[in-house]
Structure formats: structure tokens, C-alpha cells
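Asks: Please find coords-v5.csv (CSV, C-alpha atoms and all ligand atoms) on the next line:
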chain,number,residue,atom,x,y,z
A,1,MET,CA,134.7,40.6,40.2
A,2,GLU,CA,137.0,39.5,43.0
A,3,SER,CA,139.8,41.7,42.0
A,4,ASN,CA,137.5,44.7,41.7
A,5,THR,CA,136.3,44.3,45.2
A,6,ARG,CA,139.8,44.1,46.6
A,7,MET,CA,140.2,47.8,46.5
A,8,LEU,CA,138.9,50.6,48.6
A,9,ASN,CA,137.1,53.2,46.6
A,10,VAL,CA,136.2,56.0,49.0
A,11,LYS,CA,134.6,58.0,46.1
A,12,MET,CA,131.7,55.6,46.2
A,13,LEU,CA,130.9,56.4,49.8
A,14,SER,CA,128.4,59.1,50.7
A,15,LYS,CA,129.6,62.1,52.7
A,16,LYS,CA,126.8,61.5,55.2
A,17,PHE,CA,127.9,58.0,55.8
A,18,ILE,CA,131.6,59.1,56.4
A,19,THR,CA,130.4,61.8,58.8
A,20,THR,CA,128.3,59.3,60.7
A,21,ILE,CA,131.3,57.0,61.1
A,22,GLU,CA,133.5,59.8,62.2
A,23,ASN,CA,131.0,60.8,64.8
A,24,TYR,CA,130.9,57.3,66.2
A,25,LEU,CA,134.7,57.3,66.5
A,26,ILE,CA,135.0,60.8,68.0
A,27,ASN,CA,132.4,60.0,70.6
A,28,ASN,CA,133.7,56.5,71.1
A,29,MET,CA,130.3,55.1,70.5
A,30,PHE,CA,130.9,52.6,67.7
A,31,PRO,CA,127.8,50.3,67.6
A,32,HIS,CA,128.6,46.6,68.1
A,33,SER,CA,126.2,45.7,65.4
A,34,LEU,CA,125.6,47.7,62.3
A,35,ILE,CA,123.6,47.1,59.1
A,36,ILE,CA,124.6,48.9,55.9
A,37,ALA,CA,121.6,49.0,53.6
A,38,SER,CA,121.5,50.1,49.9
A,39,ASN,CA,120.5,48.3,46.8
A,40,SER,CA,124.1,48.2,45.5
A,41,ASP,CA,126.3,45.3,46.4
A,42,GLU,CA,129.4,47.3,45.6
A,43,ILE,CA,128.4,50.3,47.7
A,44,ASN,CA,127.5,48.1,50.6
A,45,TYR,CA,130.9,46.3,50.3
A,46,GLN,CA,132.9,49.4,50.0
A,47,SER,CA,131.1,51.0,52.9
A,48,ALA,CA,131.7,47.9,55.1
A,49,ILE,CA,135.4,47.8,54.2
A,50,TYR,CA,135.8,51.5,54.9
A,51,LEU,CA,134.1,51.0,58.3
A,52,THR,CA,136.4,48.1,59.2
A,53,CYS,CA,139.5,50.1,58.2
A,54,ARG,CA,138.4,53.0,60.4
A,55,LEU,CA,138.0,50.6,63.3
A,56,ILE,CA,141.4,49.0,63.1
A,57,CYS,CA,143.5,51.7,61.5
A,58,GLU,CA,147.0,52.1,63.1
A,59,ASP,CA,147.1,55.8,62.6
A,60,VAL,CA,145.5,58.4,64.9
A,61,ILE,CA,144.4,60.4,61.8
A,62,TRP,CA,142.8,58.2,59.1
A,63,CYS,CA,145.5,56.8,56.9
A,64,GLU,CA,143.3,56.7,53.8
A,65,GLY,CA,143.7,52.9,53.6
A,66,LYS,CA,147.5,53.0,53.5
A,67,CYS,CA,148.6,51.6,56.9
A,68,ASN,CA,149.4,47.9,57.3
A,69,ASN,CA,146.2,47.1,59.1
A,70,CYS,CA,144.0,48.8,56.6
A,71,GLN,CA,145.9,47.2,53.7
A,72,ARG,CA,145.3,43.8,55.1
A,73,VAL,CA,141.6,44.5,55.6
A,74,ILE,CA,141.3,45.6,52.0
A,75,SER,CA,143.1,42.5,50.7
A,76,ASN,CA,141.1,40.3,53.1
A,77,SER,CA,144.2,39.0,54.9
A,78,TYR,CA,143.5,40.5,58.3
A,79,PRO,CA,143.1,37.5,60.7
A,80,ASP,CA,140.5,39.1,62.9
A,81,PHE,CA,138.3,40.1,60.1
A,82,VAL,CA,135.9,37.5,58.7
A,83,ILE,CA,133.7,37.9,55.6
A,84,LEU,CA,130.8,35.8,54.7
A,85,ASN,CA,128.6,36.5,51.7
A,86,LEU,CA,125.2,34.8,51.9
A,87,CYS,CA,124.5,35.4,48.3
A,88,SER,CA,127.1,32.8,47.3
A,89,GLU,CA,126.8,30.5,50.3
A,90,LYS,CA,124.0,29.9,52.6
A,91,LEU,CA,124.6,30.8,56.3
A,92,LYS,CA,124.6,27.6,58.2
A,93,LYS,CA,124.5,27.1,61.9
A,94,GLU,CA,128.0,25.7,61.8
A,95,MET,CA,129.4,28.8,60.2
A,96,VAL,CA,128.0,30.9,62.9
A,97,ARG,CA,129.4,28.5,65.5
A,98,GLU,CA,132.8,28.8,63.8
A,99,ILE,CA,132.7,32.6,64.0
A,100,ILE,CA,131.5,32.5,67.6
A,101,SER,CA,134.3,30.2,68.7
A,102,LYS,CA,136.9,32.1,66.7
A,103,PHE,CA,135.7,35.4,68.2
A,104,SER,CA,135.6,34.0,71.7
A,105,LEU,CA,139.3,33.4,71.7
A,106,SER,CA,141.6,36.3,72.3
A,107,SER,CA,142.5,38.6,69.4
A,108,LEU,CA,145.4,37.8,67.2
A,109,GLU,CA,146.2,41.4,66.7
A,110,VAL,CA,147.3,44.3,68.9
A,111,THR,CA,144.3,46.4,68.1
A,112,ASN,CA,142.4,43.7,69.9
A,113,LYS,CA,139.3,44.3,67.7
A,114,LYS,CA,137.5,41.5,65.9
A,115,ILE,CA,135.1,42.2,63.1
A,116,TYR,CA,132.8,40.0,61.1
A,117,LEU,CA,131.1,41.1,58.0
A,118,ILE,CA,128.1,39.2,56.8
A,119,GLN,CA,126.9,40.3,53.3
A,120,ASN,CA,123.3,40.0,52.3
A,121,ILE,CA,122.1,39.1,55.7
A,122,GLU,CA,118.5,38.9,54.4
A,123,ASP,CA,119.4,35.6,52.7
A,124,GLY,CA,120.3,33.8,55.9
A,125,SER,CA,118.1,30.9,57.1
A,126,LEU,CA,116.0,31.5,60.1
A,127,GLU,CA,117.9,28.9,62.1
A,128,ALA,CA,121.3,30.5,61.3
A,129,ASN,CA,120.0,33.9,62.0
A,130,ASN,CA,118.6,32.8,65.4
A,131,SER,CA,122.0,31.4,66.4
A,132,LEU,CA,123.6,34.7,65.3
A,133,LEU,CA,121.1,36.5,67.4
A,134,LYS,CA,122.3,34.9,70.6
A,135,PHE,CA,125.8,36.2,69.7
A,136,LEU,CA,124.4,39.7,69.1
A,137,GLU,CA,122.7,39.8,72.4
A,138,GLU,CA,125.9,39.4,74.3
A,139,PRO,CA,128.7,40.3,72.0
A,140,PRO,CA,132.2,39.6,73.4
A,141,ILE,CA,134.2,42.8,74.2
A,142,ASN,CA,135.8,44.4,71.2
A,143,THR,CA,133.7,42.4,68.7
A,144,TYR,CA,131.9,44.1,65.9
A,145,ALA,CA,129.3,42.8,63.5
A,146,ILE,CA,128.8,44.5,60.2
A,147,PHE,CA,125.9,43.3,58.0
A,148,THR,CA,125.0,44.5,54.6
A,149,SER,CA,121.6,44.2,53.0
A,150,LYS,CA,120.1,45.0,49.7
A,151,SER,CA,116.6,44.6,51.0
A,152,ILE,CA,116.3,45.7,54.6
A,153,ASN,CA,112.6,44.7,54.6
A,154,ARG,CA,113.6,41.1,54.5
A,155,VAL,CA,116.0,41.3,57.4
A,156,LEU,CA,114.8,39.6,60.6
A,157,PRO,CA,113.3,42.3,62.8
A,158,THR,CA,115.1,41.0,65.8
A,159,ILE,CA,118.4,41.6,64.1
A,160,ILE,CA,117.4,45.1,63.1
A,161,SER,CA,116.3,45.9,66.6
A,162,ARG,CA,119.8,45.0,67.9
A,163,SER,CA,121.6,46.9,65.3
A,164,GLN,CA,122.3,50.4,64.1
A,165,VAL,CA,120.9,50.7,60.5
A,166,LEU,CA,122.7,53.0,58.1
A,167,THR,CA,120.6,53.4,54.9
A,168,LEU,CA,122.7,54.6,52.0
A,169,LEU,CA,121.5,56.3,48.9
A,170,PRO,CA,122.6,54.0,46.2
A,171,ILE,CA,123.3,56.6,43.7
A,172,ASP,CA,123.9,60.3,43.6
A,173,PHE,CA,120.8,60.9,41.5
A,174,GLU,CA,121.4,64.5,40.7
A,175,ILE,CA,124.9,64.0,39.4
A,176,VAL,CA,123.9,61.0,37.3
A,177,MET,CA,120.8,62.8,35.9
A,178,THR,CA,122.8,65.9,35.0
A,179,LYS,CA,125.4,63.7,33.3
A,180,LEU,CA,122.7,61.8,31.4
A,181,ILE,CA,121.1,65.0,30.2
A,182,ASN,CA,124.3,66.7,29.2
A,183,GLU,CA,126.3,63.8,27.8
A,184,TRP,CA,123.6,61.4,26.5
A,185,LYS,CA,121.2,64.2,25.7
A,186,VAL,CA,118.3,62.2,27.2
A,187,THR,CA,115.0,63.7,28.2
A,188,PHE,CA,114.3,64.6,31.8
A,189,GLU,CA,111.9,61.6,32.1
A,190,ASP,CA,114.4,59.2,30.7
A,191,ALA,CA,117.2,60.5,33.0
A,192,LYS,CA,114.9,59.8,35.9
A,193,LEU,CA,114.1,56.3,34.6
A,194,ILE,CA,117.7,55.4,33.8
A,195,SER,CA,119.1,56.6,37.1
A,196,ASN,CA,116.5,54.6,39.0
A,197,CYS,CA,117.3,51.4,37.2
A,198,PHE,CA,121.0,51.3,37.8
A,199,SER,CA,123.2,51.7,40.9
A,200,ASP,CA,125.9,54.0,39.5
A,201,TRP,CA,127.2,55.8,36.5
A,202,ASN,CA,129.6,52.9,35.6
A,203,GLU,CA,126.8,50.5,35.6
A,204,ILE,CA,124.8,52.7,33.2
A,205,VAL,CA,127.7,53.0,30.8
A,206,ALA,CA,128.4,49.3,31.0
A,207,ASN,CA,124.8,48.6,30.0
A,208,GLY,CA,124.6,50.1,26.5
A,209,ASP,CA,123.5,53.4,25.2
A,210,TYR,CA,120.4,55.7,24.9
A,211,ALA,CA,119.1,54.0,21.8
A,212,LYS,CA,119.1,50.6,23.5
A,213,PHE,CA,117.4,52.0,26.5
A,214,LEU,CA,114.7,53.5,24.4
A,215,GLU,CA,114.1,50.2,22.7
A,216,ILE,CA,113.7,48.4,26.0
A,217,LYS,CA,111.5,51.2,27.3
A,218,LEU,CA,109.2,50.8,24.3
A,219,LEU,CA,109.1,47.1,24.9
A,220,ALA,CA,108.0,47.6,28.5
A,221,LEU,CA,105.4,50.1,27.6
A,222,ASP,CA,104.0,47.9,24.8
A,223,PHE,CA,103.9,45.0,27.1
A,224,ILE,CA,101.9,46.8,29.7
A,225,THR,CA,99.7,48.5,27.1
A,226,ASN,CA,98.8,45.0,25.7
A,227,PHE,CA,98.2,43.8,29.2
A,228,ILE,CA,95.7,46.5,30.1
A,229,ASN,CA,93.9,46.1,26.8
A,230,ASP,CA,93.7,42.3,27.2
A,231,ASN,CA,95.8,41.8,24.1
A,232,ASN,CA,97.4,38.7,25.5
A,233,GLU,CA,98.0,37.3,22.1
A,234,ASP,CA,100.2,40.2,21.2
A,235,ASN,CA,102.1,39.7,24.4
A,236,TYR,CA,102.8,36.1,23.3
A,237,LEU,CA,104.2,37.6,20.2
A,238,LEU,CA,106.2,40.1,22.2
A,239,SER,CA,107.6,37.2,24.3
A,240,SER,CA,109.9,36.2,21.5
A,241,LYS,CA,111.4,39.7,21.5
A,242,ILE,CA,111.7,39.6,25.2
A,243,ASN,CA,113.3,36.1,25.0
A,244,LYS,CA,116.0,37.5,22.7
A,245,LEU,CA,117.1,40.2,25.2
A,246,GLU,CA,120.4,39.6,26.9
A,247,LYS,CA,120.2,39.2,30.7
A,248,ASN,CA,121.1,42.8,31.5
A,249,TYR,CA,118.4,44.1,29.2
A,250,LEU,CA,115.8,41.7,30.4
A,251,SER,CA,116.6,42.9,33.9
A,252,LEU,CA,116.2,46.5,32.7
A,253,PHE,CA,112.8,45.5,31.1
A,254,TRP,CA,111.6,44.2,34.4
A,255,LYS,CA,112.9,47.2,36.3
A,256,LEU,CA,111.0,49.6,34.0
A,257,ILE,CA,107.8,47.6,34.6
A,258,ILE,CA,108.4,47.9,38.3
A,259,LEU,CA,108.6,51.7,37.9
A,260,ILE,CA,105.3,51.7,35.9
A,261,MET,CA,103.7,49.7,38.8
A,262,LYS,CA,105.1,52.1,41.4
A,263,ASP,CA,103.7,55.0,39.5
A,264,SER,CA,100.3,53.4,39.3
A,265,PHE,CA,100.1,53.7,43.1
A,266,LEU,CA,100.4,57.4,43.0
A,267,GLU,CA,98.1,60.3,42.2
A,268,LEU,CA,100.8,61.8,39.9
A,269,PRO,CA,103.5,59.6,38.3
A,270,GLN,CA,107.0,60.0,39.7
A,271,TYR,CA,108.9,58.2,37.0
A,272,PHE,CA,106.8,58.2,33.8
A,273,ILE,CA,106.1,61.8,34.3
A,274,THR,CA,105.0,62.5,30.8
A,275,GLN,CA,102.6,59.6,30.6
A,276,GLN,CA,100.0,60.5,33.2
A,277,LYS,CA,97.1,59.2,31.1
A,278,PHE,CA,98.7,55.9,30.5
A,279,ILE,CA,99.6,55.5,34.1
A,280,LYS,CA,96.0,56.3,35.1
A,281,GLU,CA,94.8,53.5,32.7
A,282,VAL,CA,97.2,51.1,34.4
A,283,THR,CA,95.9,52.1,37.8
A,284,ASP,CA,92.3,51.5,36.7
A,285,LYS,CA,93.0,48.2,35.0
A,286,ILE,CA,95.3,46.7,37.6
A,287,ALA,CA,93.2,47.8,40.5
A,288,ASN,CA,95.0,46.7,43.6
A,289,LYS,CA,96.9,43.9,41.9
A,290,GLN,CA,100.1,45.8,41.8
A,291,ASN,CA,101.6,43.8,44.7
A,292,TYR,CA,101.0,40.6,42.8
A,293,PHE,CA,102.7,42.1,39.8
A,294,LEU,CA,105.6,43.3,41.8
A,295,THR,CA,106.0,40.0,43.6
A,296,VAL,CA,106.3,38.1,40.3
A,297,ILE,CA,108.8,40.6,38.8
A,298,TYR,CA,111.0,40.7,41.9
A,299,GLU,CA,111.0,37.0,41.9
A,300,CYS,CA,112.1,36.9,38.2
A,301,LEU,CA,114.8,39.5,38.8
A,302,GLU,CA,116.1,37.5,41.7
A,303,ARG,CA,116.2,34.3,39.6
A,304,LEU,CA,118.0,36.1,36.9
A,305,LYS,CA,121.0,36.5,39.1
A,306,PHE,CA,121.7,32.8,39.0
A,307,PRO,CA,122.4,30.6,36.0
A,308,VAL,CA,119.0,30.1,34.6
A,309,ASN,CA,117.2,29.2,31.4
A,310,LYS,CA,116.2,32.7,30.3
A,311,ASN,CA,113.4,31.5,27.9
A,312,LEU,CA,111.8,29.4,30.7
A,313,LEU,CA,111.9,32.4,33.0
A,314,VAL,CA,110.3,34.7,30.4
A,315,ASP,CA,107.6,32.0,29.8
A,316,TYR,CA,107.0,31.8,33.5
A,317,PHE,CA,106.7,35.6,33.8
A,318,ILE,CA,104.2,35.7,30.9
A,319,ILE,CA,102.1,32.8,32.4
A,320,MET,CA,102.0,34.5,35.8
A,321,MET,CA,100.9,37.7,34.1
A,322,LEU,CA,98.1,35.9,32.3
A,323,LYS,CA,96.8,34.6,35.6
A,324,ILE,CA,95.9,38.1,36.7
B,1,ZN,ZN,144.9,52.7,58.4
Just give me the structure of the file as C-alpha cells.
Replies:
Amino acid sequence: MESNTRMLNVKMLSKKFITTIENYLINNMFPHSLIIASNSDEINYQSAIYLTCRLICEDVIWCEGKCNNCQRVISNSYPDFVILNLCSEKLKKEMVREIISKFSLSSLEVTNKKIYLIQNIEDGSLEANNSLLKFLEEPPINTYAIFTSKSINRVLPTIISRSQVLTLLPIDFEIVMTKLINEWKVTFEDAKLISNCFSDWNEIVANGDYAKFLEIKLLALDFITNFINDNNEDNYLLSSKINKLEKNYLSLFWKLIILIMKDSFLELPQYFITQQKFIKEVTDKIANKQNYFLTVIYECLERLKFPVNKNLLVDYFIIMMLKI
């Protein structure tokens, strides 16, 4: 993972994002605080590194990441660039204090710009975020804050209001869907479902094949069908199948259930487009409990990211579902 992220992959960035950054630079209006939001860690990271390079590049025309400054940012050895990832470490007040004191000293570099990148800002504690806020209110000259977030809804509103938010599309849906239809020979509905469950083509390929996807899809549909027909016993039986899934497939299983729930809010399904009748039954049965459902599944997905006893987590999921 670490070695992967020590590269700049401009191909992952959206054209719209690059144009926005270029406009900031041309007009000399680079925001002092910026939030990059998409549901992909890798896209967020790549976008943040690109941004930083553009800020401190030695060349008048963008060097494509080749100049000495850009190279040092990419390899994370540029002294005036600090990265914190709140997914792996909790943001503590002391860390913020450290950044503030470091950034209040004069720059170590001729570009004179100091940049801190805080990944997954939504995971910061309230206390830490508040001390960060004071810094954001009066940023020292030539200091830039870049935040990334995978769920912008959870970012403190006071941080959002002091920042420019760039929301990135996590995936080029059209390209990925065409690829799935042409290369994997999947149906239009399945292309839609698959592209909504993963953040890019590489992630799709790394997670198995069409047959495996269909197996998980069937499992998700069976589970919800049992649920709406009150066949809880059958879902207990299914739980052993669910328990046997590897982590990535378990995550796919839950993501598909999320899409079923999202469809059940709508007049016409967006994802399970051929299963209008089924979705209607879900809507009728679940009747306004979608949010409860979604909360439980998001929580399970979140826990799955950490070392966890998979069987206990599946049991927890099923027990929570039975409570509805
Ligand atoms: Zn450069």
C-alpha cells in the first residue's frame, strides 16, 4: 500500500478537477483551505498530491511531477509538507499544536509555501477539530490546508464553511460500464451495480469475476427477499453462507443491500432497474425504516475495515436486522 501511494498517477484525476486547480493558479486565488471529497482513498490522495505539487512546483509550466520539489512531495520528503491520516491515527490536540508551531516558523524552502494534508478529516475528534479551526480562521501567510474526506456529510460544518469543497466523481462510470459490458459481457443492470460498488476499474478486476459477482448478488437478493417475507429462519441458514464470504465479498454483499435500500426510496429503481416489482415490495415492507437499515450496514462496512472477527460481525448484522 505504502509504495503504491508514493507515485503520482495523473490519470486518476478528473479533467474538471485539473481545470479547477489551473484556474486557481492562473487567477492567483488558491484557497487556503480545501476539502477534496470522493469515496475513494486513492483518488483523494492522488488529487491532494497533485494539488500540492502544483503549489510548490519549481517550473513556470507544470513539470508533470519531475522537478525536485514535486519529486520530494511525491516521495513525502518535502520538509514543508506534512501528512496526517486520521484513518490510521486519531487527530489529537497535540498533533494540531505541532503543525501550528511548525507552520508558524518561517519556511524551510525557497518557495515559502507550507502545506499540511489531513486525510479523512471526518474522523477527527471534536476537540482536535476545534483547535484546527482556530488555525483555519487565521492561517499564517503562505500556509495551505488540504483535507480529504470520504464522507463529507460527517465533516464539521464549521470546517466546511471555511474551506473550498471539491467533490470528485469517484469513478468514470461511463467508461467502466462500457468496459464491463464489452469485456465481461455483463447486463446493463449488472454494469450499473458493479460500477457503483467499486471505486475504479482496477478495484473491480482485483475483486473477482462476473460469476462471483452474480453469486453475491443472488445472496443479497435472497437475504432481502427472506427479510420482507419474514423468513428469518432462512436468513439464519443464509448466515453461514454469508459468514464464509471473504472480507471483500462480504463488503460487496453489504454494498448491494445498500443499493437495494437506496432504490426503495425511489419511484423507479435506479440500480436494480429490472426488478421494479421486488423493489416495490421492499418499499412497502420496510416502510420508512431504510435509514435504520442503512445505518446498521454502514456501521458494519466501517468495522470491516479494521481487524475484526467476521463471524461476530455477521451475527451482529443479522441480530440488528431481526430487531426491525
Ligand atoms: Zn514540479
Asks: Taking 4 positions as the minimum chain separation for residues in the same chain, which residues sit within 7 Å of segment 35-51 of chain A when counting only C-alpha atoms? Answer as a list of chain:residue names.
Replies: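 Selected residues are A:Leu8, A:Asn9, A:Met12, A:Leu13, A:Leu55, A:Ile74, A:Ile146, A:Phe147, A:Thr148, A:Ser149, A:Lys150, A:Ser151, A:Ile152, A:Ser163, A:Gln164, A:Val165, A:Leu166, A:Thr167, A:Leu168, A:Leu169, A:Pro170, A:Ser199.
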Asks: Residues contacting ligand ZN 1 (chain B) - anything with an atom at most 12 Å away, using only C-alpha atoms and all ligand atoms - can you give me those as an MDAnalysis selection string?
Replies: chainID A and resid 8 49:74 111
Asks: Which one of A:Ile141, A:Leu256, A:Leu238, A:Cys87 sits closest to Ser195 of chain A if you count only C-alpha atoms?
Replies: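 Nearest candidate to Ser195 of chain A out of A:Ile141, A:Leu256, A:Leu238, A:Cys87: A:Leu256.
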Asks: The residues within 12 Å of (109.0, 55.0, 28.4), using only C-alpha atoms and the coordinates of the file, should be reported as a compact mmCIF listing (two decimals) with C-alpha atoms, keeping the file's coordinate frame; which are they?
Replies:
# COMPACT_ATOMS: atom_id res chain seq x y z
CA VAL A 186 118.30 62.20 27.20
CA THR A 187 115.00 63.70 28.20
CA PHE A 188 114.30 64.60 31.80
CA GLU A 189 111.90 61.60 32.10
CA ASP A 190 114.40 59.20 30.70
CA ALA A 191 117.20 60.50 33.00
CA LYS A 192 114.90 59.80 35.90
CA LEU A 193 114.10 56.30 34.60
CA ILE A 194 117.70 55.40 33.80
CA TYR A 210 120.40 55.70 24.90
CA PHE A 213 117.40 52.00 26.50
CA LEU A 214 114.70 53.50 24.40
CA GLU A 215 114.10 50.20 22.70
CA ILE A 216 113.70 48.40 26.00
CA LYS A 217 111.50 51.20 27.30
CA LEU A 218 109.20 50.80 24.30
CA LEU A 219 109.10 47.10 24.90
CA ALA A 220 108.00 47.60 28.50
CA LEU A 221 105.40 50.10 27.60
CA ASP A 222 104.00 47.90 24.80
CA PHE A 223 103.90 45.00 27.10
CA ILE A 224 101.90 46.80 29.70
CA THR A 225 99.70 48.50 27.10
CA LEU A 252 116.20 46.50 32.70
CA PHE A 253 112.80 45.50 31.10
CA LYS A 255 112.90 47.20 36.30
CA LEU A 256 111.00 49.60 34.00
CA ILE A 257 107.80 47.60 34.60
CA LEU A 259 108.60 51.70 37.90
CA ILE A 260 105.30 51.70 35.90
CA TYR A 271 108.90 58.20 37.00
CA PHE A 272 106.80 58.20 33.80
CA ILE A 273 106.10 61.80 34.30
CA THR A 274 105.00 62.50 30.80
CA GLN A 275 102.60 59.60 30.60
CA GLN A 276 100.00 60.50 33.20
CA PHE A 278 98.70 55.90 30.50
CA ILE A 279 99.60 55.50 34.10
Asks: State, in Å with one decimal place, the distance from atom CA of Asn120 of chain A to atom CA of Lys93 of chain A.
Replies: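 Between these atoms lies a distance of 16.1 Å.
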Asks: For a quick check of understanding, using all atoms listed in the file, which of A:Leu156, A:Ala211, A:Met321, A:Ile118 has the smallest distance to Ile286 of chain A?
Replies: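 For Ile286 of chain A, the nearest of the candidates is A:Met321.
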Asks: Quick one, how far is atom CA of Ile228 of chain A from atom CA of Val308 of chain A?
Replies: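 Between atom CA of Ile228 of chain A and atom CA of Val308 of chain A the gap is 28.8 Å.
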Asks: Which value, in Å to one decimal, gives the distance between atom CA of Thr143 of chain A and atom CA of Tyr116 of chain A?
Replies: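 Result for atom CA of Thr143 of chain A versus atom CA of Tyr116 of chain A: 8.0 Å, one decimal.
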Asks: Give me, as a list in words, all polymer residues having an atom no more than 12 Å from Ser251 of chain A, counting only C-alpha atoms and skipping those fewer than 4 positions away in the same chain.
Replies: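 So the residues in contact are Cys197, Phe198, Asn207, Phe213, Ile216, Lys217, Ala220, Ile242, Asn243, Leu245, Glu246, Lys247, Lys255, Leu256, Ile257, Ile258, Ile297, Tyr298, Glu299, Cys300, Leu301, Glu302, Arg303, Leu304, Lys305, Lys310, Leu313 and Val314 of chain A.
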Asks: Between A:Glu22, A:Met7, A:Ala145, A:Asn196, which is the closest to Ser75 of chain A once you count only C-alpha atoms?
Replies: A:Met7
Asks: Which one is closest to Phe227 of chain A: A:Ala128, A:Val282, A:Leu136, A:Ala287? Count all atoms listed in the file.
Replies: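 Closest to Phe227 of chain A of all the choices is A:Val282.
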Asks: Pick out the closest residue to Asn235 of chain A from this set: A:Phe173, A:Asn27, A:Asp263, A:Ile319. Count only C-alpha atoms.
Replies: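 Once distances to Asn235 of chain A are computed over only C-alpha atoms, the minimum belongs to A:Ile319.
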Asks: Please identify all polymer residues within 10 Å of Arg162 of chain A, counting all atoms listed in the file, omitting same-chain residues fewer than 6 positions from it, and present them as a list in words.
Replies: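 Listing them by chain and then by number gives Pro31, His32, Ser33, Leu34, Ile35, Leu133, Leu136 and Glu137 of chain A.
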